[in-house]
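So this block is final.cif, mmCIF, C-alpha atoms:
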```
data_target
loop_
_atom_site.label_atom_id
_atom_site.label_comp_id
_atom_site.auth_asym_id
_atom_site.auth_seq_id
_atom_site.Cartn_x
_atom_site.Cartn_y
_atom_site.Cartn_z
CA MET A 1 2.29 20.49 -58.66
CA LYS A 2 1.51 18.26 -61.62
CA PRO A 3 3.85 15.30 -62.37
CA GLY A 4 4.50 16.64 -65.87
CA HIS A 5 5.69 19.93 -64.39
CA ILE A 6 8.10 18.11 -62.13
CA LYS A 7 9.62 16.33 -65.12
CA LEU A 8 10.08 19.60 -66.99
CA ILE A 9 11.68 21.27 -63.99
CA THR A 10 13.99 18.29 -63.58
CA ALA A 11 15.10 18.75 -67.18
CA ILE A 12 15.44 22.55 -67.15
CA VAL A 13 17.37 23.06 -63.90
CA PRO A 14 20.45 21.04 -65.01
CA LEU A 15 20.31 22.91 -68.32
CA CYS A 16 20.50 26.23 -66.50
CA PHE A 17 23.52 25.12 -64.49
CA SER A 18 25.18 23.71 -67.60
CA LEU A 19 24.68 26.91 -69.57
CA ALA A 20 25.81 29.00 -66.64
CA GLY A 21 29.03 27.04 -66.61
CA CYS A 22 29.49 27.67 -70.32
CA ASN A 23 28.90 31.35 -69.73
CA THR A 24 31.84 31.72 -67.35
CA THR A 25 34.54 34.05 -68.63
CA THR A 26 38.18 33.53 -67.74
CA VAL A 27 40.45 36.54 -67.95
CA LYS A 28 44.02 35.63 -68.91
CA THR A 29 47.06 37.84 -68.86
CA THR A 30 50.61 37.29 -70.01
CA SER A 31 53.90 38.86 -69.01
CA TYR A 32 56.64 39.80 -71.44
CA GLU A 33 59.99 38.08 -71.06
CA GLN A 34 63.12 39.85 -72.22
CA VAL A 35 65.76 37.85 -74.01
CA HIS A 36 68.96 37.32 -72.01
CA LEU A 37 72.33 38.51 -73.28
CA GLU A 38 75.77 37.35 -72.21
CA SER A 39 77.50 39.85 -69.95
CA GLU A 40 80.89 39.00 -71.50
CA VAL A 41 81.91 38.60 -75.12
CA THR A 42 82.26 34.93 -76.02
CA PRO A 43 85.32 34.02 -78.14
CA GLU A 44 84.32 33.09 -81.69
CA GLU A 45 85.71 29.56 -81.38
CA LEU A 46 83.32 28.94 -78.47
CA LEU A 47 80.19 30.12 -80.28
CA LEU A 48 78.01 27.16 -81.23
CA ASP A 49 76.32 27.20 -84.64
CA VAL A 50 72.59 26.52 -84.52
CA GLY A 51 70.32 24.87 -87.07
CA VAL A 52 66.58 25.43 -86.69
CA GLY A 53 64.54 22.84 -88.53
CA ILE A 54 61.24 23.34 -90.32
CA PHE A 55 58.61 22.64 -87.67
CA ASN A 56 56.10 19.83 -87.82
CA PRO A 57 52.82 21.59 -88.72
CA GLY A 58 50.95 19.30 -86.32
CA ILE A 59 48.10 18.41 -88.65
CA ASP A 60 48.68 14.69 -89.29
CA ALA A 61 46.67 13.35 -86.36
CA LEU A 62 43.95 16.00 -86.38
CA SER A 63 40.54 16.10 -87.94
CA VAL A 64 41.08 19.32 -89.82
CA GLU A 65 37.44 20.32 -89.96
CA GLU A 66 36.71 19.53 -86.30
CA ALA A 67 39.86 21.19 -84.97
CA GLY A 68 39.52 24.33 -87.10
CA VAL A 69 43.02 23.85 -88.53
CA TYR A 70 43.83 25.10 -92.02
CA PRO A 71 46.57 22.87 -93.51
CA LYS A 72 48.10 25.38 -95.91
CA ILE A 73 48.37 28.00 -93.19
CA ARG A 74 49.92 25.49 -90.79
CA GLU A 75 52.47 24.52 -93.42
CA ALA A 76 53.35 28.18 -93.89
CA GLU A 77 53.58 28.69 -90.12
CA ALA A 78 55.93 25.69 -89.95
CA ARG A 79 58.40 27.81 -91.94
CA PHE A 80 57.51 31.21 -90.51
CA ILE A 81 57.96 30.29 -86.82
CA PRO A 82 61.47 28.74 -87.22
CA PHE A 83 62.60 31.85 -89.09
CA LYS A 84 61.37 34.12 -86.29
CA LEU A 85 63.14 31.92 -83.75
CA MET A 86 66.30 32.05 -85.87
CA GLU A 87 66.13 35.86 -85.94
CA THR A 88 65.74 35.97 -82.16
CA LEU A 89 68.75 33.70 -81.60
CA GLN A 90 70.82 35.76 -84.04
CA HIS A 91 69.97 39.04 -82.33
CA THR A 92 71.14 37.77 -78.95
CA GLY A 93 74.74 37.43 -80.13
CA ASN A 94 75.00 34.35 -77.90
CA TRP A 95 75.53 31.95 -80.79
CA GLY A 96 77.61 31.54 -83.90
CA VAL A 97 75.84 31.15 -87.23
CA VAL A 98 72.11 30.51 -86.88
CA ARG A 99 70.31 29.10 -89.91
CA VAL A 100 66.97 27.58 -90.83
CA VAL A 101 68.04 24.13 -92.06
CA PRO A 102 65.30 21.76 -93.25
CA ASP A 103 65.65 18.04 -92.51
CA ARG A 104 69.12 18.55 -91.00
CA ILE A 105 70.57 18.68 -94.50
CA SER A 106 73.83 20.24 -93.25
CA GLU A 107 75.79 19.52 -90.09
CA MET A 108 75.34 22.03 -87.25
CA ASP A 109 76.56 22.13 -83.65
CA ILE A 110 73.07 22.50 -82.18
CA TRP A 111 69.71 21.40 -83.55
CA VAL A 112 66.32 22.91 -82.71
CA ASP A 113 63.22 20.99 -83.78
CA GLY A 114 59.60 21.77 -83.03
CA GLU A 115 55.94 21.02 -83.58
CA ILE A 116 52.99 23.41 -83.71
CA LEU A 117 50.40 22.19 -81.23
CA LYS A 118 48.01 25.13 -81.52
CA SER A 119 47.99 28.39 -83.45
CA ASP A 120 44.87 30.51 -83.87
CA GLY A 121 45.92 34.14 -83.56
CA GLU A 122 45.06 34.18 -79.85
CA ASN A 123 47.04 31.12 -78.71
CA LEU A 124 50.37 29.69 -79.76
CA TRP A 125 51.51 26.35 -78.35
CA LEU A 126 54.79 24.80 -79.44
CA GLN A 127 56.67 21.64 -78.50
CA VAL A 128 60.39 22.35 -78.90
CA SER A 129 63.39 20.05 -78.50
CA VAL A 130 67.08 20.94 -78.59
CA GLU A 131 70.06 18.62 -78.94
CA ASP A 132 73.73 18.97 -79.84
CA ALA A 133 75.83 17.32 -82.56
CA SER A 134 76.77 14.47 -80.22
CA GLY A 135 73.11 13.44 -80.06
CA LYS A 136 72.64 14.59 -76.46
CA ARG A 137 69.16 15.99 -75.82
CA TRP A 138 69.36 19.32 -74.04
CA PHE A 139 65.67 19.62 -73.34
CA SER A 140 62.20 19.07 -74.77
CA LYS A 141 59.62 21.53 -73.57
CA LYS A 142 56.13 22.84 -74.29
CA TYR A 143 55.82 26.60 -74.73
CA THR A 144 52.51 28.45 -74.65
CA ASP A 145 51.50 32.08 -74.99
CA ILE A 146 48.28 34.07 -75.31
CA ALA A 147 48.10 37.22 -77.38
CA GLY A 148 47.53 40.26 -75.20
CA LYS A 149 44.66 42.72 -75.47
CA TYR A 150 46.74 45.21 -77.45
CA SER A 151 48.71 42.70 -79.55
CA TYR A 152 46.75 43.63 -82.66
CA ASP A 153 45.93 47.21 -81.74
CA GLY A 154 46.42 49.22 -84.92
CA THR A 155 47.11 52.36 -82.90
CA THR A 156 49.97 50.77 -80.98
CA ALA A 157 53.27 52.34 -82.05
CA ASN A 158 55.27 49.14 -81.58
CA ARG A 159 53.54 46.47 -83.66
CA SER A 160 55.92 43.71 -82.64
CA GLU A 161 55.50 39.98 -83.09
CA PRO A 162 52.50 39.03 -80.87
CA PHE A 163 54.22 35.88 -79.65
CA GLN A 164 57.79 37.17 -79.28
CA LYS A 165 57.65 36.01 -75.66
CA ILE A 166 57.86 32.37 -76.76
CA TYR A 167 60.91 32.97 -78.94
CA ASN A 168 62.62 34.79 -76.06
CA GLN A 169 61.81 31.94 -73.68
CA ILE A 170 63.31 29.36 -76.02
CA ALA A 171 66.43 31.49 -76.51
CA ASN A 172 66.81 31.95 -72.75
CA ASP A 173 66.40 28.23 -72.06
CA MET A 174 69.01 27.39 -74.70
CA LEU A 175 71.46 29.90 -73.23
CA ALA A 176 70.93 28.58 -69.71
CA TYR A 177 71.67 25.05 -70.87
CA ARG A 178 74.70 26.06 -72.91
CA ASN A 179 76.15 27.86 -69.90
CA GLN A 180 76.38 24.51 -68.13
CA TYR A 181 79.18 23.51 -70.54
CA ASP A 182 82.80 24.46 -70.13
CA ALA A 183 85.07 25.48 -73.01
CA GLY A 184 86.38 21.95 -73.54
CA GLU A 185 82.89 20.46 -73.86
CA ILE A 186 81.85 23.16 -76.34
CA ARG A 187 84.94 22.47 -78.46
CA THR A 188 84.07 18.77 -78.44
CA ILE A 189 80.58 19.49 -79.77
CA ARG A 190 82.05 21.57 -82.59
CA THR A 191 84.63 18.86 -83.38
CA ILE A 192 81.94 16.18 -83.58
CA ALA A 193 79.93 18.29 -86.03
CA GLU A 194 83.00 18.78 -88.23
CA LEU A 195 83.99 15.11 -88.15
CA LYS A 196 80.44 14.02 -89.04
CA PHE A 197 80.61 16.26 -92.11
CA ALA A 198 84.08 14.91 -92.96
CA ARG A 199 82.95 11.30 -92.60
CA ASP A 200 80.08 11.92 -95.01
CA PHE A 201 82.45 13.19 -97.70
CA SER A 202 85.45 10.96 -97.02
CA PRO A 203 84.29 7.84 -95.17
CA GLU A 204 87.43 5.98 -96.17
CA VAL A 205 89.54 8.56 -94.32
CA PHE A 206 87.33 9.63 -91.38
CA HIS A 207 85.25 6.50 -90.66
CA ASP A 208 86.98 5.70 -87.35
CA TYR A 209 87.26 9.18 -85.85
CA LEU A 210 83.84 8.94 -84.18
CA GLU A 211 82.14 6.23 -82.16
CA LEU A 212 78.38 5.82 -81.70
CA ASP A 213 77.20 4.22 -78.44
CA GLU A 214 74.02 2.31 -77.65
CA LYS A 215 72.27 5.55 -76.62
CA GLY A 216 72.82 7.06 -80.05
CA ARG A 217 75.48 9.50 -78.85
CA TYR A 218 78.74 10.26 -80.64
CA SER A 219 82.14 10.56 -79.02
CA VAL A 220 85.54 11.40 -80.51
CA THR A 221 87.91 8.44 -80.68
CA ARG A 222 90.83 10.28 -82.26
CA LEU A 223 91.64 13.60 -83.91
CA PRO A 224 93.32 14.42 -87.22
CA ALA A 225 96.40 16.60 -87.10
CA GLU A 226 95.58 20.28 -87.47
CA GLY A 227 97.57 20.52 -90.68
CA ASP A 228 96.16 17.31 -92.15
CA PRO A 229 95.60 17.93 -95.92
CA SER A 230 92.42 15.82 -95.89
CA LEU A 231 90.97 17.96 -93.10
CA GLN A 232 91.89 21.17 -94.92
CA GLN A 233 90.13 19.98 -98.07
CA ILE A 234 87.05 19.03 -96.05
CA ARG A 235 86.96 22.48 -94.50
CA GLN A 236 87.05 24.07 -97.96
CA ILE A 237 84.17 21.85 -99.08
CA ARG A 238 82.25 22.70 -95.93
CA GLU A 239 82.72 26.39 -96.58
CA ARG A 240 81.17 25.96 -100.03
CA ASP A 241 78.34 24.01 -98.46
CA ASN A 242 77.74 26.81 -95.97
CA ILE A 243 77.53 29.33 -98.80
CA PHE A 244 74.79 27.28 -100.44
CA VAL A 245 72.89 26.88 -97.17
CA ASP A 246 73.14 30.65 -96.76
CA THR A 247 71.33 31.04 -100.09
CA LEU A 248 68.47 29.08 -98.54
CA GLN A 249 68.27 31.75 -95.85
CA GLN A 250 67.62 34.33 -98.55
CA TYR A 251 64.68 32.25 -99.69
CA TYR A 252 63.23 31.95 -96.22
CA ALA A 253 63.76 35.67 -95.62
CA SER A 254 61.91 36.47 -98.85
CA PHE A 255 59.18 34.02 -97.96
CA VAL A 256 58.68 35.51 -94.48
CA ASN A 257 58.80 39.09 -95.77
CA GLN A 258 56.04 38.36 -98.26
CA MET A 259 54.04 36.32 -95.80
CA GLU A 260 54.34 38.57 -92.77
CA ALA A 261 51.74 41.22 -93.65
CA PRO A 262 48.93 38.91 -94.80
CA TYR A 263 49.76 36.45 -92.01
CA ARG A 264 49.48 39.16 -89.38
CA GLU A 265 46.20 40.28 -90.91
CA TRP A 266 44.95 36.69 -90.80
CA ARG A 267 45.99 36.25 -87.18
CA GLU A 268 44.44 39.58 -86.26
CA ALA A 269 41.21 38.72 -88.05
CA TYR A 270 41.17 35.27 -86.48
CA PHE A 271 41.83 36.83 -83.08
CA LEU A 272 39.03 39.39 -83.47
CA GLU A 273 36.62 36.83 -84.90
CA SER A 274 37.41 34.47 -82.03
CA GLN A 275 36.66 37.22 -79.53
CA ALA A 276 33.41 38.02 -81.33
CA LEU A 277 32.57 34.33 -81.41
CA LYS A 278 33.06 34.10 -77.64
CA GLU A 279 30.85 37.15 -77.09
CA VAL A 280 28.12 35.72 -79.30
CA LYS A 281 28.24 32.38 -77.51
CA SER A 282 28.20 34.16 -74.15
CA GLU A 283 25.17 36.24 -75.16
CA SER A 284 23.50 33.16 -76.60
CA ASN A 285 24.01 31.23 -73.37
CA ALA A 286 22.72 34.16 -71.32
CA ARG A 287 19.55 34.24 -73.39
CA LEU A 288 19.13 30.51 -73.12
CA ILE A 289 19.57 30.69 -69.34
CA GLY A 290 17.07 33.53 -69.05
CA GLY A 291 14.61 31.71 -71.26
CA ALA A 292 14.96 28.47 -69.32
CA LEU A 293 14.42 30.29 -66.04
CA ALA A 294 11.37 32.08 -67.48
CA VAL A 295 9.92 28.77 -68.59
CA LEU A 296 10.63 27.33 -65.15
CA ALA A 297 8.92 30.27 -63.43
CA GLY A 298 5.91 29.85 -65.74
CA ILE A 299 5.65 26.16 -64.92
CA LEU A 300 5.80 26.89 -61.20
CA ALA A 301 3.12 29.54 -61.59
CA GLN A 302 0.92 26.95 -63.30
CA GLY A 303 1.02 24.92 -60.14
CA VAL A 304 -0.55 27.74 -58.09
CA ASP A 305 -4.33 27.74 -57.66
CA SER A 306 -4.92 31.23 -59.05
CA ARG A 307 -6.24 32.42 -62.42
CA THR A 308 -3.89 35.45 -62.38
CA ALA A 309 -0.91 33.31 -61.54
CA ASN A 310 -1.83 30.82 -64.22
CA THR A 311 -2.08 33.59 -66.80
CA ALA A 312 1.29 34.97 -65.72
CA GLY A 313 2.69 31.48 -65.92
CA TRP A 314 1.62 31.07 -69.52
CA VAL A 315 3.12 34.45 -70.34
CA GLY A 316 6.38 33.43 -68.66
CA ILE A 317 6.51 30.18 -70.59
CA GLY A 318 5.92 32.05 -73.86
CA ALA A 319 8.57 34.66 -73.09
CA GLY A 320 11.01 31.99 -72.03
CA ALA A 321 10.47 30.05 -75.24
CA ALA A 322 11.07 33.24 -77.25
CA ALA A 323 14.30 33.91 -75.33
CA ILE A 324 15.51 30.37 -75.97
CA GLN A 325 14.70 30.76 -79.67
CA SER A 326 16.65 34.05 -79.69
CA GLY A 327 19.60 32.31 -78.07
CA LEU A 328 19.56 29.59 -80.73
CA GLN A 329 19.53 32.29 -83.40
CA LYS A 330 22.62 33.81 -81.81
CA ARG A 331 24.34 30.47 -82.12
CA GLU A 332 23.49 30.52 -85.82
CA GLU A 333 25.32 33.88 -85.95
CA ALA A 334 28.35 32.12 -84.47
CA LYS A 335 28.46 29.91 -87.55
CA ILE A 336 28.68 33.04 -89.67
CA HIS A 337 31.82 34.09 -87.77
CA VAL A 338 33.36 30.68 -88.43
CA GLU A 339 32.61 31.10 -92.14
CA ALA A 340 34.27 34.51 -92.05
CA LEU A 341 37.40 32.89 -90.60
CA GLU A 342 37.40 30.37 -93.42
CA GLU A 343 37.24 33.19 -95.97
CA VAL A 344 40.16 34.99 -94.31
CA SER A 345 42.17 31.76 -94.31
CA ALA A 346 41.44 31.22 -97.99
CA SER A 347 42.66 34.73 -98.76
CA LEU A 348 45.97 33.98 -97.02
CA ASP A 349 46.43 30.76 -98.98
CA SER A 350 46.78 32.83 -102.15
CA GLU A 351 49.57 34.90 -100.55
CA ILE A 352 51.89 32.01 -99.69
CA GLU A 353 52.54 30.40 -103.05
CA PRO A 354 56.03 28.89 -103.66
CA HIS A 355 58.92 31.16 -104.56
CA SER A 356 62.04 30.49 -106.59
CA ILE A 357 65.61 31.75 -106.26
CA ASP A 358 68.23 32.04 -108.98
CA LEU A 359 71.58 30.33 -108.54
CA GLU A 360 74.55 30.86 -110.85
CA ASP A 361 73.59 28.15 -113.33
CA ARG A 362 69.99 27.29 -112.50
CA THR A 363 66.75 28.39 -110.93
CA VAL A 364 65.72 26.33 -107.92
CA THR A 365 62.16 26.07 -106.66
CA LEU A 366 62.67 25.61 -102.94
CA THR A 367 59.15 24.87 -101.79
CA GLY A 368 58.73 21.13 -101.60
CA THR A 369 62.04 20.47 -103.32
CA VAL A 370 64.62 21.99 -100.97
CA ARG A 371 65.85 18.59 -99.86
CA GLU A 372 66.05 17.35 -103.47
CA GLN A 373 67.95 20.42 -104.61
CA TYR A 374 70.29 20.17 -101.66
CA GLY A 375 70.83 16.50 -102.47
CA GLN A 376 71.94 17.53 -105.95
CA TRP A 377 74.25 20.14 -104.44
CA ARG A 378 75.83 17.60 -102.11
CA ARG A 379 76.45 15.27 -105.03
CA ILE A 380 78.15 18.12 -106.89
CA LEU A 381 80.34 18.82 -103.87
CA LYS A 382 81.30 15.17 -103.63
CA GLU A 383 82.24 15.16 -107.31
CA ILE A 384 84.39 18.25 -106.72
CA HIS A 385 86.00 16.63 -103.67
CA ALA A 386 86.65 13.38 -105.56
CA THR A 387 88.22 15.28 -108.46
CA GLU A 388 90.43 17.37 -106.18
CA THR A 389 91.61 14.44 -104.07
CA GLY A 390 91.56 11.70 -106.69
CA SER A 391 89.67 9.53 -104.20
CA ALA A 392 87.47 6.62 -105.13
CA THR A 393 84.52 8.06 -103.22
CA ASP A 394 81.25 7.43 -104.96
CA ALA A 395 80.19 10.98 -105.75
CA GLY A 396 76.71 9.85 -106.71
CA LYS A 397 75.78 8.88 -103.16
#
```
Transcribe the structure of this file into C-alpha cells.
Amino acid sequence: MKPGHIKLITAIVPLCFSLAGCNTTTVKTTSYEQVHLESEVTPEELLLDVGVGIFNPGIDALSVEEAGVYPKIREAEARFIPFKLMETLQHTGNWGVVRVVPDRISEMDIWVDGEILKSDGENLWLQVSVEDASGKRWFSKKYTDIAGKYSYDGTTANRSEPFQKIYNQIANDMLAYRNQYDAGEIRTIRTIAELKFARDFSPEVFHDYLELDEKGRYSVTRLPAEGDPSLQQIRQIRERDNIFVDTLQQYYASFVNQMEAPYREWREAYFLESQALKEVKSESNARLIGGALAVLAGILAQGVDSRTANTAGWVGIGAGAAAIQSGLQKREEAKIHVEALEEVSASLDSEIEPHSIDLEDRTVTLTGTVREQYGQWRRILKEIHATETGSATDAGK
C-alpha cells in the first residue's frame, strides 16, 4: 500500500468513529409526578403565605447567539414560569395566600426565587431556592424535565402544561419541608413577617422587636400586646398593601393569558424544529460516515494489484466523495431549521408587549416599572399612616 494511502486511512478512520459517536441517539423518558395534598385541613392561622419572585432569565452570562437564547422570550418566561408555579401552589390548598411578588416588594412568610438555566421547548431546567421570613434557607435545588413525545400532540385531549411535573415537584418539596415545622415554629415565621412589615412603617415603635444575627437570620426579641393600637393600625395598612399587591396578580394573570397561546406555539415549534434538526444532523452524519467508508474502501482497492480492483476503487472514492458532499448539504439544511426557529421567536416577541392596568386614580404600566409604582404606593401608605398616627415618620422614604 502506498504511503499516501496510509495517511488518508489514518485521517478517515478517526473521522468515522467520531461521526458514529455523533450519530448515537439517546431515548429519554419522563414520569409524571402528582402534586401532594394534605390529608387533614390545616387551620387558617397555620397556613403560610408564599411570595414567588420573578425568576432570573439566566441570560447575563451567556453568549446569546452561541447558546441559542432569545432574550425577550427569556424575560417573558421569567414571568410566565413563576405564575404557573403560583397557580400550582394555590391549587394544592397547602398554603395561605400565594402571590407573584417581584423583588420582594411586600413581606411574605415564604419566598421562592429561581433562575432559568435552560428552556427550549424540549428541556426546562430551573434552579429554585426557598426560604422563610426569618431568613432560613429551606432548600436550593435544580429541577429538570424533558417534554414527552405527546406533550405537543394536537390530537391529545388534555393539552396540559408540558412541564407541569417541575411545578409539582417544587410544590411537593416545599410541603415536605414545611411539614418538618410544628405549629409554634410556623406561628413564629408569620410573626416575623408581620413585625418586619411593622418595622418598615413604624421603625420608632417596632425597631427592637426583632434581632438579626451574624447568619442573617431574624428572631423575635419581644411581642406587642395583641390589642396594641400601633399593631392594629399596622395591620390595617398591611391589608391595604395586600389589596394593591393583589392588583398586580391581575396584571400577571392577564399577561399569562395573552402569552400562553403564542408561547405554547413557540415551544411546540421549537420542539418540532429541534427534533427535525436532530434528524437532519443524524442523516447528515450517516451520509458522511458512509462516504468516508466508501472513500476508505476505494483507497484500499487502489492498493491491490488488479485493474478491475483499481477501477472499482476509483468508483468507490467518487461515490464516497459524493456522499460526503450530500452530508454537508444536509448540514446546510440544518441552518435553515435554525433560521426558522429565529422567525418563530421573532413572531412571539410581538405578542408579549407590555400591558397596563387601571387603578382608581391612575393607569400604571407594570412592565419594567412595577417596583417604581409599588415604591410610590408604599410612600402613599406611609403618608396615610403618618397622618392617622400623627407620627414623625418620614413618609417620603
**Message:** Residues proximal to (62.7, 38.4, -73.5) were defined as those with any atom within 7 Å of that point in the file's coordinates, counting all atoms listed in the file. Which are they, as a ChimeraX atom specification?
**Reply:** /A:32-36,165,168-169
**Request:** Please identify all polymer residues within 6 Å of stretch 82-86 of chain A, counting all atoms listed in the file, omitting same-chain residues fewer than 3 positions from it, and present them as number ranges by chain.
**Result:** A: 79, 89, 167
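Nearest residue to A:Gln376 among A:Phe255, A:Tyr270, A:Tyr263, A:Phe244 is A:Phe244, counting all atoms listed in the file.
Between A:Leu37 and the candidates A:Asp200, A:Asp173, A:Glu131, A:Glu388, the tightest atom-to-atom separation, counting all atoms listed in the file, involves A:Asp173.
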**Message:** as number ranges by chain, please: the residues near stretch 119-123 of chain A (cut-off 6 Å, only C-alpha atoms, same-chain neighbours under 4 positions excluded).
**Reply:** A: 145-147, 267, 270-271
Write out as a PDB file with C-alpha atoms, in the frame of the given file the residues lying within 10 Å of A:His385, counting only C-alpha atoms and excluding same-chain residues fewer than 2 positions away.
```pdb
ATOM      1  CA  PHE A 201      82.450  13.190 -97.700  1.00  0.00           C
ATOM      2  CA  SER A 202      85.450  10.960 -97.020  1.00  0.00           C
ATOM      3  CA  GLN A 233      90.130  19.980 -98.070  1.00  0.00           C
ATOM      4  CA  ILE A 234      87.050  19.030 -96.050  1.00  0.00           C
ATOM      5  CA  GLN A 236      87.050  24.070 -97.960  1.00  0.00           C
ATOM      6  CA  ILE A 237      84.170  21.850 -99.080  1.00  0.00           C
ATOM      7  CA  ARG A 379      76.450  15.270-105.030  1.00  0.00           C
ATOM      8  CA  ILE A 380      78.150  18.120-106.890  1.00  0.00           C
ATOM      9  CA  LEU A 381      80.340  18.820-103.870  1.00  0.00           C
ATOM     10  CA  LYS A 382      81.300  15.170-103.630  1.00  0.00           C
ATOM     11  CA  GLU A 383      82.240  15.160-107.310  1.00  0.00           C
ATOM     12  CA  THR A 387      88.220  15.280-108.460  1.00  0.00           C
ATOM     13  CA  GLU A 388      90.430  17.370-106.180  1.00  0.00           C
ATOM     14  CA  THR A 389      91.610  14.440-104.070  1.00  0.00           C
ATOM     15  CA  GLY A 390      91.560  11.700-106.690  1.00  0.00           C
ATOM     16  CA  SER A 391      89.670   9.530-104.200  1.00  0.00           C
ATOM     17  CA  THR A 393      84.520   8.060-103.220  1.00  0.00           C
ATOM     18  CA  ALA A 395      80.190  10.980-105.750  1.00  0.00           C
TER      19      ALA A 395
END
```
**Asked** Which residue, A:Trp95, A:Glu38, A:Ile116, A:Ala183, has the smallest gap to A:Pro71 when you use only C-alpha atoms?
**Response** A:Ile116
What would the selection look like, as a PDB file with C-alpha atoms, in the frame of the given file, if the PyMOL selection byres ((chain A and resi 101-106) around 6) were run on the coordinates I just shared?
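The result, stored in expr_17.pdb:
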```pdb
ATOM      1  CA  GLY A  51      70.320  24.870 -87.070  1.00  0.00           C
ATOM      2  CA  VAL A  52      66.580  25.430 -86.690  1.00  0.00           C
ATOM      3  CA  GLY A  53      64.540  22.840 -88.530  1.00  0.00           C
ATOM      4  CA  ILE A  54      61.240  23.340 -90.320  1.00  0.00           C
ATOM      5  CA  ARG A  99      70.310  29.100 -89.910  1.00  0.00           C
ATOM      6  CA  VAL A 100      66.970  27.580 -90.830  1.00  0.00           C
ATOM      7  CA  GLU A 107      75.790  19.520 -90.090  1.00  0.00           C
TER       8      GLU A 107
END
```
